[in-house]
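Data block for upload_36.cif (mmCIF, C-alpha atoms):
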```cif
data_upload
#
loop_
_atom_site.label_atom_id
_atom_site.label_comp_id
_atom_site.auth_asym_id
_atom_site.auth_seq_id
_atom_site.Cartn_x
_atom_site.Cartn_y
_atom_site.Cartn_z
CA MET D 1 43.19 24.92 78.59
CA THR D 2 46.29 25.28 76.46
CA GLU D 3 45.53 26.10 72.85
CA LYS D 4 46.67 23.45 70.38
CA ALA D 5 48.03 25.13 67.29
CA VAL D 6 49.58 24.27 63.94
CA VAL D 7 52.04 26.72 62.38
CA ILE D 8 52.86 26.54 58.67
CA LEU D 9 56.64 26.87 58.61
CA SER D 10 58.50 27.44 55.36
CA GLY D 11 61.83 28.06 57.04
CA GLY D 12 61.85 31.65 55.82
CA MET D 13 62.15 34.62 58.18
CA ASP D 14 58.40 35.36 58.39
CA SER D 15 57.07 31.93 59.32
CA THR D 16 60.07 31.28 61.57
CA THR D 17 59.34 34.48 63.51
CA LEU D 18 55.68 33.44 63.62
CA LEU D 19 56.64 30.07 65.10
CA TYR D 20 58.68 31.78 67.82
CA ASP D 21 55.71 34.08 68.41
CA ILE D 22 53.18 31.29 68.91
CA VAL D 23 55.55 29.21 71.04
CA ASP D 24 56.05 32.37 73.13
CA SER D 25 52.27 32.65 73.58
CA GLY D 26 52.31 29.40 75.54
CA ALA D 27 50.34 27.33 73.00
CA GLU D 28 51.00 23.64 72.34
CA VAL D 29 52.60 24.03 68.92
CA TYR D 30 53.06 21.71 65.93
CA ALA D 31 54.88 22.86 62.81
CA VAL D 32 54.15 21.72 59.30
CA SER D 33 56.35 22.28 56.22
CA PHE D 34 55.97 21.37 52.56
CA ASP D 35 58.49 19.79 50.27
CA TYR D 36 57.23 20.75 46.82
CA GLY D 37 60.53 20.24 45.04
CA GLN D 38 61.56 23.86 45.61
CA LYS D 39 65.09 24.70 44.47
CA HIS D 40 65.61 26.44 47.79
CA ILE D 41 65.35 23.17 49.74
CA ARG D 42 67.65 24.81 52.31
CA GLU D 43 64.59 26.47 53.77
CA LEU D 44 63.42 23.02 54.90
CA PHE D 45 66.75 22.34 56.64
CA CYS D 46 66.35 25.67 58.42
CA ALA D 47 62.77 24.76 59.38
CA LYS D 48 63.94 21.45 60.80
CA LYS D 49 66.69 23.08 62.83
CA THR D 50 64.37 25.76 64.19
CA CYS D 51 61.89 23.10 65.36
CA LYS D 52 64.69 21.23 67.09
CA ILE D 53 65.81 24.40 68.87
CA LEU D 54 62.24 25.21 69.96
CA ASN D 55 61.42 21.56 70.73
CA VAL D 56 58.40 21.67 68.41
CA PRO D 57 57.17 18.50 66.63
CA HIS D 58 57.73 18.99 62.91
CA ARG D 59 55.88 17.38 60.04
CA ILE D 60 57.16 17.69 56.47
CA ILE D 61 54.48 16.94 53.88
CA ASN D 62 55.61 15.69 50.48
CA LEU D 63 53.95 17.91 47.93
CA LYS D 64 56.02 17.14 44.86
CA ILE D 65 52.84 16.44 42.90
CA LEU D 66 52.45 20.22 42.76
CA ASN D 67 55.50 20.31 40.53
CA ASP D 68 54.06 17.63 38.26
CA ILE D 69 50.76 19.46 37.91
CA ALA D 70 52.12 22.96 37.34
CA PRO D 71 55.88 23.40 37.05
CA SER D 72 57.16 26.91 37.84
CA ALA D 73 60.51 28.69 37.91
CA LEU D 74 60.69 27.83 41.61
CA THR D 75 60.76 24.12 40.92
CA ARG D 76 61.91 23.54 37.34
CA LYS D 77 65.62 22.96 36.93
CA ASP D 78 65.54 24.13 33.30
CA VAL D 79 64.12 27.57 34.09
CA ASP D 80 66.17 30.23 35.88
CA VAL D 81 64.77 32.12 38.83
CA PRO D 82 64.46 35.73 37.59
CA GLU D 83 66.50 38.52 39.19
CA GLY D 84 65.53 42.03 40.28
CA ASP D 85 62.82 43.42 42.54
CA TYR D 86 59.41 41.82 42.85
CA LYS D 87 57.53 43.08 39.87
CA ASP D 88 54.63 41.59 37.97
CA ASP D 89 56.57 41.03 34.76
CA ASN D 90 59.55 39.05 36.00
CA MET D 91 58.44 37.51 39.25
CA LYS D 92 55.21 36.00 37.94
CA GLN D 93 57.28 33.04 36.81
CA THR D 94 57.89 32.24 40.48
CA VAL D 95 54.20 31.87 41.20
CA VAL D 96 53.19 28.26 41.76
CA PRO D 97 49.49 28.73 40.99
CA ASN D 98 47.18 28.27 43.96
CA ARG D 99 50.04 26.97 46.08
CA ASN D 100 48.76 28.59 49.24
CA MET D 101 45.28 27.08 49.00
CA VAL D 102 46.85 23.65 48.57
CA MET D 103 49.13 24.17 51.57
CA LEU D 104 46.38 25.65 53.72
CA SER D 105 44.02 22.79 52.88
CA LEU D 106 46.59 20.10 53.71
CA ALA D 107 47.68 21.91 56.89
CA THR D 108 43.98 21.94 57.84
CA VAL D 109 43.77 18.16 57.33
CA PHE D 110 46.74 17.85 59.67
CA ALA D 111 45.22 20.28 62.19
CA ILE D 112 41.90 18.39 62.24
CA SER D 113 43.66 15.04 62.57
CA ILE D 114 45.54 16.14 65.71
CA LYS D 115 42.50 18.08 67.03
CA ALA D 116 44.21 21.46 66.90
CA THR D 117 41.90 24.47 66.97
CA LYS D 118 44.23 27.04 65.43
CA LEU D 119 46.17 27.22 62.20
CA TYR D 120 48.79 29.97 61.84
CA TYR D 121 50.12 31.19 58.53
CA GLY D 122 52.80 33.86 57.99
CA ALA D 123 51.65 35.88 54.95
CA HIS D 124 52.54 39.56 55.35
CA SER D 125 51.59 42.84 53.70
CA GLY D 126 54.44 42.76 51.16
CA ASP D 127 53.13 39.52 49.64
CA HIS D 128 49.88 41.04 48.42
CA THR D 129 50.85 42.50 45.05
CA ILE D 130 52.74 39.62 43.56
CA TYR D 131 50.90 36.63 45.02
CA PRO D 132 47.12 36.75 44.49
CA ASP D 133 46.71 34.03 47.11
CA CYS D 134 48.34 36.20 49.80
CA ARG D 135 45.80 39.03 49.51
CA PRO D 136 43.65 39.83 52.57
CA GLU D 137 40.43 39.05 50.64
CA PHE D 138 41.79 35.60 49.77
CA VAL D 139 42.87 34.97 53.36
CA GLU D 140 39.44 36.10 54.57
CA VAL D 141 37.50 33.56 52.46
CA MET D 142 39.96 30.80 53.29
CA LYS D 143 39.32 31.55 56.96
CA THR D 144 35.61 30.92 56.39
CA ALA D 145 36.21 27.87 54.18
CA ILE D 146 38.48 26.27 56.80
CA GLU D 147 35.95 26.98 59.53
CA LEU D 148 33.20 25.28 57.49
CA ALA D 149 35.30 22.35 56.28
CA ASP D 150 34.75 20.14 59.31
CA TRP D 151 32.46 19.78 62.31
CA ASN D 152 35.59 20.36 64.44
CA LYS D 153 36.32 24.00 63.80
CA VAL D 154 39.82 25.14 62.98
CA GLU D 155 40.49 28.87 63.07
CA LEU D 156 42.93 30.29 60.54
CA ASP D 157 45.00 33.12 61.98
CA VAL D 158 47.32 35.27 59.86
CA PRO D 159 48.69 37.75 62.40
CA TYR D 160 51.26 39.40 60.10
CA LEU D 161 48.81 40.02 57.25
CA PHE D 162 48.95 43.79 57.60
CA ILE D 163 52.50 43.99 58.90
CA HIS D 164 55.53 45.11 56.89
CA LYS D 165 58.40 42.63 56.61
CA GLY D 166 60.63 45.16 58.40
CA GLU D 167 58.32 44.96 61.42
CA ILE D 168 58.75 41.20 61.36
CA VAL D 169 62.52 41.70 61.72
CA HIS D 170 61.83 43.88 64.80
CA ARG D 171 59.47 41.29 66.24
CA GLY D 172 61.97 38.49 65.54
CA ILE D 173 64.77 40.31 67.34
CA LYS D 174 62.54 40.77 70.37
CA LEU D 175 61.79 37.03 70.35
CA ASN D 176 65.46 36.05 69.91
CA VAL D 177 64.89 34.51 66.48
CA ASP D 178 68.17 33.27 65.03
CA PHE D 179 67.80 34.85 61.56
CA LYS D 180 71.00 33.11 60.51
CA ASN D 181 68.90 29.97 60.53
CA THR D 182 66.26 31.25 58.10
CA TRP D 183 66.40 30.94 54.32
CA THR D 184 64.80 33.27 51.81
CA CYS D 185 66.68 33.12 48.49
CA TYR D 186 64.85 31.36 45.66
CA LYS D 187 68.04 30.00 44.13
CA GLY D 188 69.42 26.79 45.55
CA LYS D 189 73.01 27.90 46.04
CA GLU D 190 75.46 27.78 48.94
CA LYS D 191 74.96 31.47 49.76
CA ALA D 192 71.92 33.65 49.15
CA CYS D 193 72.22 35.32 45.74
CA GLY D 194 71.24 38.83 46.84
CA MET D 195 69.67 39.37 43.43
CA CYS D 196 66.36 37.53 43.19
CA GLY D 197 63.11 39.18 44.28
CA ALA D 198 63.04 37.23 47.52
CA CYS D 199 66.58 38.31 48.51
CA ARG D 200 65.88 41.94 47.60
CA GLU D 201 62.78 41.99 49.74
CA ARG D 202 64.62 40.43 52.68
CA LEU D 203 67.48 42.90 52.42
CA GLU D 204 65.01 45.77 52.24
CA ALA D 205 63.27 44.51 55.37
CA PHE D 206 66.53 44.46 57.35
CA TYR D 207 67.42 47.88 55.97
CA TYR D 208 63.99 49.18 57.02
CA ALA D 209 64.50 47.71 60.50
CA GLY D 210 67.95 49.30 60.73
CA MET D 211 69.58 45.92 61.23
CA LYS D 212 72.23 43.90 59.44
CA ASP D 213 71.07 40.61 57.95
CA PRO D 214 73.31 37.94 59.55
CA ILE D 215 73.31 35.58 56.56
CA GLU D 216 75.97 35.63 53.84
CA TYR D 217 75.25 36.89 50.31
CA GLU D 218 77.04 36.28 47.04
CA GLU D 219 76.68 39.89 46.03
CA PHE D 220 74.75 43.10 46.63
CA LYS D 221 73.64 45.39 43.86
CA MET A 1 34.99 30.52 21.88
CA THR A 2 34.72 27.02 23.29
CA GLU A 3 34.83 26.94 27.07
CA LYS A 4 37.80 25.04 28.49
CA ALA A 5 36.66 23.08 31.52
CA VAL A 6 38.03 20.70 34.13
CA VAL A 7 35.68 18.13 35.66
CA ILE A 8 36.55 16.42 38.94
CA LEU A 9 35.75 12.77 38.24
CA SER A 10 35.66 10.22 41.04
CA GLY A 11 34.26 7.46 38.88
CA GLY A 12 31.04 7.39 40.90
CA MET A 13 27.64 7.93 39.32
CA ASP A 14 27.35 11.65 40.13
CA SER A 15 30.64 12.90 38.72
CA THR A 16 30.38 10.50 35.76
CA THR A 17 26.96 11.93 34.87
CA LEU A 18 28.42 15.41 35.32
CA LEU A 19 31.23 14.60 32.90
CA TYR A 20 28.71 13.42 30.28
CA ASP A 21 26.75 16.61 30.96
CA ILE A 22 29.67 18.96 30.36
CA VAL A 23 30.91 17.05 27.31
CA ASP A 24 27.33 17.32 26.02
CA SER A 25 27.45 21.10 26.50
CA GLY A 26 30.18 21.29 23.85
CA ALA A 27 32.98 22.43 26.16
CA GLU A 28 36.61 21.35 25.74
CA VAL A 29 36.77 18.99 28.70
CA TYR A 30 39.60 17.62 30.85
CA ALA A 31 38.94 15.18 33.69
CA VAL A 32 40.91 14.94 36.90
CA SER A 33 40.75 12.11 39.45
CA PHE A 34 42.48 11.49 42.76
CA ASP A 35 44.18 8.37 43.99
CA TYR A 36 44.17 8.83 47.75
CA GLY A 37 44.61 5.16 48.59
CA GLN A 38 40.85 4.58 48.70
CA LYS A 39 39.82 0.96 49.21
CA HIS A 40 37.33 1.40 46.38
CA ILE A 41 40.08 1.88 43.79
CA ARG A 42 37.65 0.41 41.24
CA GLU A 43 36.13 3.85 40.96
CA LEU A 44 39.37 4.99 39.32
CA PHE A 45 39.22 2.17 36.76
CA CYS A 46 35.67 3.24 35.98
CA ALA A 47 36.79 6.86 35.65
CA LYS A 48 39.54 5.83 33.23
CA LYS A 49 37.15 3.79 31.10
CA THR A 50 34.58 6.59 30.98
CA CYS A 51 37.21 9.05 29.79
CA LYS A 52 38.27 6.63 27.08
CA ILE A 53 34.66 6.24 25.92
CA LEU A 54 34.13 10.01 25.88
CA ASN A 55 37.59 10.73 24.45
CA VAL A 56 38.39 13.08 27.32
CA PRO A 57 42.00 13.57 28.51
CA HIS A 58 42.26 12.16 32.02
CA ARG A 59 44.70 13.12 34.76
CA ILE A 60 45.01 11.04 37.91
CA ILE A 61 46.66 12.92 40.76
CA ASN A 62 48.46 10.90 43.41
CA LEU A 63 47.10 12.04 46.74
CA LYS A 64 48.25 9.24 49.00
CA ILE A 65 49.77 11.77 51.37
CA LEU A 66 46.20 12.41 52.53
CA ASN A 67 46.21 8.92 53.97
CA ASP A 68 49.50 9.56 55.77
CA ILE A 69 48.25 12.79 57.28
CA ALA A 70 44.81 11.62 58.38
CA PRO A 71 43.94 7.94 57.91
CA SER A 72 40.20 7.16 57.75
CA ALA A 73 38.00 4.08 57.37
CA LEU A 74 37.99 4.74 53.63
CA THR A 75 41.73 4.24 53.36
CA ARG A 76 42.92 2.20 56.36
CA LYS A 77 43.08 -1.52 55.78
CA ASP A 78 42.76 -2.25 59.51
CA VAL A 79 39.44 -0.40 59.92
CA ASP A 80 36.22 -1.76 58.41
CA VAL A 81 33.91 0.46 56.40
CA PRO A 82 30.73 0.73 58.52
CA GLU A 83 27.40 -0.64 57.23
CA GLY A 84 23.90 0.83 57.27
CA ASP A 85 22.44 4.11 56.07
CA TYR A 86 24.39 7.34 56.15
CA LYS A 87 24.05 8.54 59.70
CA ASP A 88 26.25 10.77 61.75
CA ASP A 89 27.26 8.07 64.21
CA ASN A 90 28.53 5.34 61.90
CA MET A 91 29.46 7.11 58.70
CA LYS A 92 31.63 9.79 60.28
CA GLN A 93 34.47 7.28 60.16
CA THR A 94 34.39 7.53 56.39
CA VAL A 95 35.07 11.26 56.44
CA VAL A 96 38.58 12.09 55.26
CA PRO A 97 38.77 15.51 56.91
CA ASN A 98 38.89 18.41 54.50
CA ARG A 99 39.29 16.07 51.55
CA ASN A 100 37.20 18.20 49.24
CA MET A 101 39.16 21.40 49.87
CA VAL A 102 42.37 19.50 49.09
CA MET A 103 40.90 18.07 45.89
CA LEU A 104 39.37 21.37 44.81
CA SER A 105 42.63 23.22 45.45
CA LEU A 106 44.69 20.74 43.42
CA ALA A 107 42.12 20.62 40.63
CA THR A 108 42.37 24.42 40.57
CA VAL A 109 46.16 24.20 40.15
CA PHE A 110 45.54 21.88 37.21
CA ALA A 111 42.84 24.17 35.76
CA ILE A 112 45.10 27.23 35.99
CA SER A 113 48.03 25.35 34.45
CA ILE A 114 46.03 24.40 31.35
CA LYS A 115 44.28 27.80 31.26
CA ALA A 116 40.80 26.40 31.83
CA THR A 117 38.20 28.89 33.02
CA LYS A 118 35.73 26.47 34.59
CA LEU A 119 36.01 23.79 37.25
CA TYR A 120 33.09 21.39 37.67
CA TYR A 121 32.45 19.39 40.79
CA GLY A 122 29.64 16.88 41.36
CA ALA A 123 28.50 17.38 44.98
CA HIS A 124 24.73 16.90 45.31
CA SER A 125 22.07 17.68 47.89
CA GLY A 126 22.32 14.29 49.65
CA ASP A 127 25.96 14.93 50.57
CA HIS A 128 25.18 17.88 52.81
CA THR A 129 24.38 16.23 56.12
CA ILE A 130 27.23 13.83 56.43
CA TYR A 131 30.06 15.71 54.73
CA PRO A 132 30.54 19.25 56.08
CA ASP A 133 32.67 20.08 53.04
CA CYS A 134 29.76 19.35 50.67
CA ARG A 135 27.42 21.95 52.18
CA PRO A 136 26.27 24.82 49.99
CA GLU A 137 27.87 27.40 52.31
CA PHE A 138 31.23 25.61 51.99
CA VAL A 139 30.91 25.40 48.20
CA GLU A 140 30.01 29.09 48.11
CA VAL A 141 33.17 30.26 49.91
CA MET A 142 35.33 27.88 47.90
CA LYS A 143 33.90 29.45 44.76
CA THR A 144 35.12 32.85 45.95
CA ALA A 145 38.47 31.49 47.16
CA ILE A 146 39.14 29.82 43.81
CA GLU A 147 38.20 32.98 41.96
CA LEU A 148 40.64 35.00 44.07
CA ALA A 149 43.47 32.46 44.02
CA ASP A 150 45.00 33.57 40.75
CA TRP A 151 44.98 36.48 38.33
CA ASN A 152 43.55 34.03 35.77
CA LYS A 153 40.07 33.46 37.11
CA VAL A 154 38.69 29.95 37.40
CA GLU A 155 34.97 29.62 38.08
CA LEU A 156 33.83 26.75 40.28
CA ASP A 157 30.50 25.33 39.15
CA VAL A 158 28.58 22.73 41.16
CA PRO A 159 25.44 22.21 39.06
CA TYR A 160 24.00 19.27 41.08
CA LEU A 161 24.36 21.01 44.46
CA PHE A 162 20.62 21.25 45.04
CA ILE A 163 19.66 18.14 43.07
CA HIS A 164 18.61 14.80 44.57
CA LYS A 165 20.71 11.77 43.57
CA GLY A 166 17.57 10.26 42.02
CA GLU A 167 17.41 13.21 39.63
CA ILE A 168 21.01 12.50 38.68
CA VAL A 169 19.93 8.99 37.61
CA HIS A 170 17.26 10.55 35.40
CA ARG A 171 19.77 13.00 33.95
CA GLY A 172 22.29 10.21 33.35
CA ILE A 173 19.77 8.09 31.48
CA LYS A 174 18.95 11.03 29.25
CA LEU A 175 22.67 11.46 28.52
CA ASN A 176 23.24 7.72 27.87
CA VAL A 177 25.54 7.31 30.85
CA ASP A 178 26.63 3.70 31.20
CA PHE A 179 25.91 3.32 34.94
CA LYS A 180 27.39 -0.17 34.82
CA ASN A 181 30.69 1.63 34.48
CA THR A 182 30.36 3.68 37.67
CA TRP A 183 31.45 2.57 41.14
CA THR A 184 29.97 3.69 44.43
CA CYS A 185 30.59 1.04 47.11
CA TYR A 186 33.16 2.00 49.75
CA LYS A 187 34.39 -1.58 50.15
CA GLY A 188 37.01 -2.80 47.75
CA LYS A 189 35.36 -6.06 46.75
CA GLU A 190 34.51 -7.73 43.43
CA LYS A 191 30.83 -6.77 43.66
CA ALA A 192 29.25 -3.81 45.45
CA CYS A 193 28.36 -4.81 49.01
CA GLY A 194 24.84 -3.34 49.05
CA MET A 195 25.26 -2.63 52.75
CA CYS A 196 27.54 0.37 53.25
CA GLY A 197 26.12 3.90 53.35
CA ALA A 198 27.30 4.64 49.82
CA CYS A 199 25.59 1.54 48.36
CA ARG A 200 22.36 2.25 50.26
CA GLU A 201 22.25 5.77 48.96
CA ARG A 202 22.88 4.62 45.40
CA LEU A 203 20.16 1.97 45.61
CA GLU A 204 17.76 4.55 47.03
CA ALA A 205 18.53 6.90 44.13
CA PHE A 206 17.70 4.24 41.53
CA TYR A 207 14.57 3.29 43.48
CA TYR A 208 13.54 6.97 43.57
CA ALA A 209 14.14 7.23 39.81
CA GLY A 210 12.10 4.08 39.22
CA MET A 211 15.06 2.36 37.57
CA LYS A 212 17.04 -0.79 38.18
CA ASP A 213 20.69 -0.30 39.04
CA PRO A 214 22.62 -2.28 36.38
CA ILE A 215 25.58 -3.18 38.61
CA GLU A 216 25.76 -6.41 40.63
CA TYR A 217 25.43 -6.49 44.41
CA GLU A 218 26.50 -9.08 46.94
CA GLU A 219 23.27 -8.72 48.86
CA PHE A 220 20.32 -6.46 49.53
CA LYS A 221 18.84 -5.94 52.96
#
```

I need this file expressed as structure tokens, please.
Amino acid sequence: MTEKAVVILSGGMDSTTLLYDIVDSGAEVYAVSFDYGQKHIRELFCAKKTCKILNVPHRIINLKILNDIAPSALTRKDVDVPEGDYKDDNMKQTVVPNRNMVMLSLATVFAISIKATKLYYGAHSGDHTIYPDCRPEFVEVMKTAIELADWNKVELDVPYLFIHKGEIVHRGIKLNVDFKNTWTCYKGKEKACGMCGACRERLEAFYYAGMKDPIEYEEFK
Amino acid sequence: MTEKAVVILSGGMDSTTLLYDIVDSGAEVYAVSFDYGQKHIRELFCAKKTCKILNVPHRIINLKILNDIAPSALTRKDVDVPEGDYKDDNMKQTVVPNRNMVMLSLATVFAISIKATKLYYGAHSGDHTIYPDCRPEFVEVMKTAIELADWNKVELDVPYLFIHKGEIVHRGIKLNVDFKNTWTCYKGKEKACGMCGACRERLEAFYYAGMKDPIEYEEFK
């Protein structure tokens, strides 16, 4: 029997590659994205386009309440997204507290409601230091929590958890991912800024993979 | 230092008693409720009134998206709430899948944003059989997940987890809870129906405690 799976798709390069990966596995795939008032709403346009290309049903869940409960630099218009590499001191502002548990729990509701048995989520090894809710120990307990949450079991799978972002670039190229149609920058501008932590990490990943990032940047430093 | 605590308050008799309990402990208390389009919206009015009486700041989080993602008999106007005792076969319709994980995760966002260190939740022993996400093993993993979710630790505390609902009545009476201002019935009528699983369980609890429930019922059977 074909596996019915839900993939959490931000529209960034990791979850987009993951979506290609799971579609490639032959599963019956549904994608779910979250609109939490992020400045980088472009990622949702990318997500939508990717789903169209892959012919995957796409559900966008309105999660703007997250912004009301705990505004962060990622959502507040009056606070600038910090620049520089991911480091505790400047990038902590971009942490929407407990965002991943909220997203995982709502994606699980969706998975249960369509009787899917798998839930895929694209956290990778580089996320661990800055985002507490991307750490393997957090993912591990969420796996158990999701399994216990309903009589119909949903299995959380995070296949890139111990993989470097550069490896994801390699994997994406193998799967013909159109990286031009993925969005990473935290600022909501026309081109990626090349300066925020998210851009720096993306550029590093392409550098590590020995590839050129196909998207346009405002500047490199 | 006074403990800063968030209490999840449905407006039912369990979480209302819990709120009185935590206020009584001397903590600095904040209450959070969820509007998920429940037919028994009266519980939210009760919650509001209780918070006013206790002088506790009250936050109602709009969670109607839950209804869009997975409609249940508790929220859909075209599906009747089943009658009779809580039993797997008829009450399963009232399960909003994974509702508690969603609520716990959002209450955690709120707790982190106001720098609270405790999150209280009123699940009790009678909830275990019908709601998978009220079982002790589920609560246990959520406790760990919430602790790991952020660098600022929030501790989930579920003090009634192994307590019978009848004991909660006893506890409430000791704390001067106004049970008239608590709502349990799943139907959205003027008086409690006395017939749905929630009403039956409430009536049983008062019977067990040897007390008369002060609210009005349409009928007893």

Per residue of chain A within 10 Å of chain D, record the nearest atom pair and its distance in Å to one decimal, counting only C-alpha atoms, with rows in chain order and ascending residue number, as JSON lines.
```
{"residue": "A:Arg59", "atom": "CA", "partner": "D:Ile69", "partner_atom": "CA", "distance": 9.3}
{"residue": "A:Ile61", "atom": "CA", "partner": "D:Ile65", "partner_atom": "CA", "distance": 7.4}
{"residue": "A:Asn62", "atom": "CA", "partner": "D:Ile65", "partner_atom": "CA", "distance": 7.1}
{"residue": "A:Leu63", "atom": "CA", "partner": "D:Ile65", "partner_atom": "CA", "distance": 8.2}
{"residue": "A:Lys64", "atom": "CA", "partner": "D:Asn62", "partner_atom": "CA", "distance": 9.9}
{"residue": "A:Ile65", "atom": "CA", "partner": "D:Asn62", "partner_atom": "CA", "distance": 7.1}
{"residue": "A:Leu66", "atom": "CA", "partner": "D:Leu106", "partner_atom": "CA", "distance": 7.8}
{"residue": "A:Asp68", "atom": "CA", "partner": "D:Ile61", "partner_atom": "CA", "distance": 9.1}
{"residue": "A:Ile69", "atom": "CA", "partner": "D:Phe110", "partner_atom": "CA", "distance": 5.8}
{"residue": "A:Ala70", "atom": "CA", "partner": "D:Ser113", "partner_atom": "CA", "distance": 5.5}
{"residue": "A:Pro71", "atom": "CA", "partner": "D:Ser113", "partner_atom": "CA", "distance": 8.5}
{"residue": "A:Ser72", "atom": "CA", "partner": "D:Ser113", "partner_atom": "CA", "distance": 9.9}
{"residue": "A:Val95", "atom": "CA", "partner": "D:Asp150", "partner_atom": "CA", "distance": 9.3}
{"residue": "A:Val96", "atom": "CA", "partner": "D:Val109", "partner_atom": "CA", "distance": 8.3}
{"residue": "A:Pro97", "atom": "CA", "partner": "D:Val109", "partner_atom": "CA", "distance": 5.7}
{"residue": "A:Asn98", "atom": "CA", "partner": "D:Ala149", "partner_atom": "CA", "distance": 5.6}
{"residue": "A:Arg99", "atom": "CA", "partner": "D:Val109", "partner_atom": "CA", "distance": 7.6}
{"residue": "A:Asn100", "atom": "CA", "partner": "D:Ala149", "partner_atom": "CA", "distance": 8.4}
{"residue": "A:Met101", "atom": "CA", "partner": "D:Ser105", "partner_atom": "CA", "distance": 5.9}
{"residue": "A:Val102", "atom": "CA", "partner": "D:Ser105", "partner_atom": "CA", "distance": 5.3}
{"residue": "A:Met103", "atom": "CA", "partner": "D:Val102", "partner_atom": "CA", "distance": 8.6}
{"residue": "A:Leu104", "atom": "CA", "partner": "D:Val102", "partner_atom": "CA", "distance": 8.7}
{"residue": "A:Ser105", "atom": "CA", "partner": "D:Val102", "partner_atom": "CA", "distance": 5.3}
{"residue": "A:Leu106", "atom": "CA", "partner": "D:Val102", "partner_atom": "CA", "distance": 6.3}
{"residue": "A:Ala107", "atom": "CA", "partner": "D:Ile69", "partner_atom": "CA", "distance": 9.1}
{"residue": "A:Thr108", "atom": "CA", "partner": "D:Asn98", "partner_atom": "CA", "distance": 7.0}
{"residue": "A:Val109", "atom": "CA", "partner": "D:Asn98", "partner_atom": "CA", "distance": 5.7}
{"residue": "A:Phe110", "atom": "CA", "partner": "D:Ile69", "partner_atom": "CA", "distance": 5.8}
{"residue": "A:Ala111", "atom": "CA", "partner": "D:Ile69", "partner_atom": "CA", "distance": 9.5}
{"residue": "A:Ile112", "atom": "CA", "partner": "D:Pro97", "partner_atom": "CA", "distance": 6.8}
{"residue": "A:Ser113", "atom": "CA", "partner": "D:Ala70", "partner_atom": "CA", "distance": 5.5}
{"residue": "A:Ile114", "atom": "CA", "partner": "D:Ala70", "partner_atom": "CA", "distance": 8.7}
{"residue": "A:Ile130", "atom": "CA", "partner": "D:Trp151", "partner_atom": "CA", "distance": 9.9}
{"residue": "A:Tyr131", "atom": "CA", "partner": "D:Asp150", "partner_atom": "CA", "distance": 7.9}
{"residue": "A:Pro132", "atom": "CA", "partner": "D:Asp150", "partner_atom": "CA", "distance": 5.4}
{"residue": "A:Asp133", "atom": "CA", "partner": "D:Ala149", "partner_atom": "CA", "distance": 4.8}
{"residue": "A:Cys134", "atom": "CA", "partner": "D:Ala149", "partner_atom": "CA", "distance": 8.4}
{"residue": "A:Arg135", "atom": "CA", "partner": "D:Leu148", "partner_atom": "CA", "distance": 8.5}
{"residue": "A:Glu137", "atom": "CA", "partner": "D:Leu148", "partner_atom": "CA", "distance": 7.7}
{"residue": "A:Phe138", "atom": "CA", "partner": "D:Leu148", "partner_atom": "CA", "distance": 5.9}
{"residue": "A:Val139", "atom": "CA", "partner": "D:Ala145", "partner_atom": "CA", "distance": 8.4}
{"residue": "A:Glu140", "atom": "CA", "partner": "D:Ala145", "partner_atom": "CA", "distance": 8.8}
{"residue": "A:Val141", "atom": "CA", "partner": "D:Ala145", "partner_atom": "CA", "distance": 5.8}
{"residue": "A:Met142", "atom": "CA", "partner": "D:Ala145", "partner_atom": "CA", "distance": 6.3}
{"residue": "A:Lys143", "atom": "CA", "partner": "D:Val141", "partner_atom": "CA", "distance": 9.4}
{"residue": "A:Thr144", "atom": "CA", "partner": "D:Val141", "partner_atom": "CA", "distance": 7.0}
{"residue": "A:Ala145", "atom": "CA", "partner": "D:Val141", "partner_atom": "CA", "distance": 5.8}
{"residue": "A:Ile146", "atom": "CA", "partner": "D:Asn98", "partner_atom": "CA", "distance": 8.2}
{"residue": "A:Glu147", "atom": "CA", "partner": "D:Phe138", "partner_atom": "CA", "distance": 9.0}
{"residue": "A:Leu148", "atom": "CA", "partner": "D:Phe138", "partner_atom": "CA", "distance": 5.8}
{"residue": "A:Ala149", "atom": "CA", "partner": "D:Asp133", "partner_atom": "CA", "distance": 4.7}
{"residue": "A:Asp150", "atom": "CA", "partner": "D:Pro132", "partner_atom": "CA", "distance": 5.3}
{"residue": "A:Trp151", "atom": "CA", "partner": "D:Pro132", "partner_atom": "CA", "distance": 6.5}
{"residue": "A:Asn152", "atom": "CA", "partner": "D:Pro97", "partner_atom": "CA", "distance": 9.5}
```

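Pairwise distance (CA of Tyr186 (chain D), CA of Phe34 (chain D)) equals 15.0 Å.
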
I'd like the contact shell of Ala123 (chain A) - 9 Å cut-off, all atoms listed in the file, skipping same-chain residues fewer than 6 positions apart - returned as a PyMOL selection string. chain A and resi 14-15+134-135+139+158-162

Neighbouring residues of region 36-49 of chain D were defined as those with any atom within 8 Å, considering only C-alpha atoms; residues of the same chain fewer than 2 positions away were excluded. Please report them as a PyMOL selection string. chain D and resi 9-12+16+33-34+51-53+58+62-67+74-77+181-189

In terms of the shortest atom-to-atom distance over all atoms listed in the file, which of D:Gly194, D:Gly210, D:Gly122, D:Gly172 is closest to Asp157 (chain D)? D:Gly122

What is the CA of Asp127 (chain D) to CA of Val23 (chain D) distance in Å?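 That distance, rounded to one decimal, is 23.9 Å.
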
For Thr17 (chain A), list every protein, DNA or RNA residue within 8 Å, evaluated using all atoms listed in the file, and leave out those in the same chain fewer than 3 positions away; present the list as a count of residues only. 9

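Minimum distance to Tyr208 (chain D) across D:Ser25, D:Glu167, D:Lys180, D:Met195 (counting all atoms listed in the file) occurs at D:Glu167.
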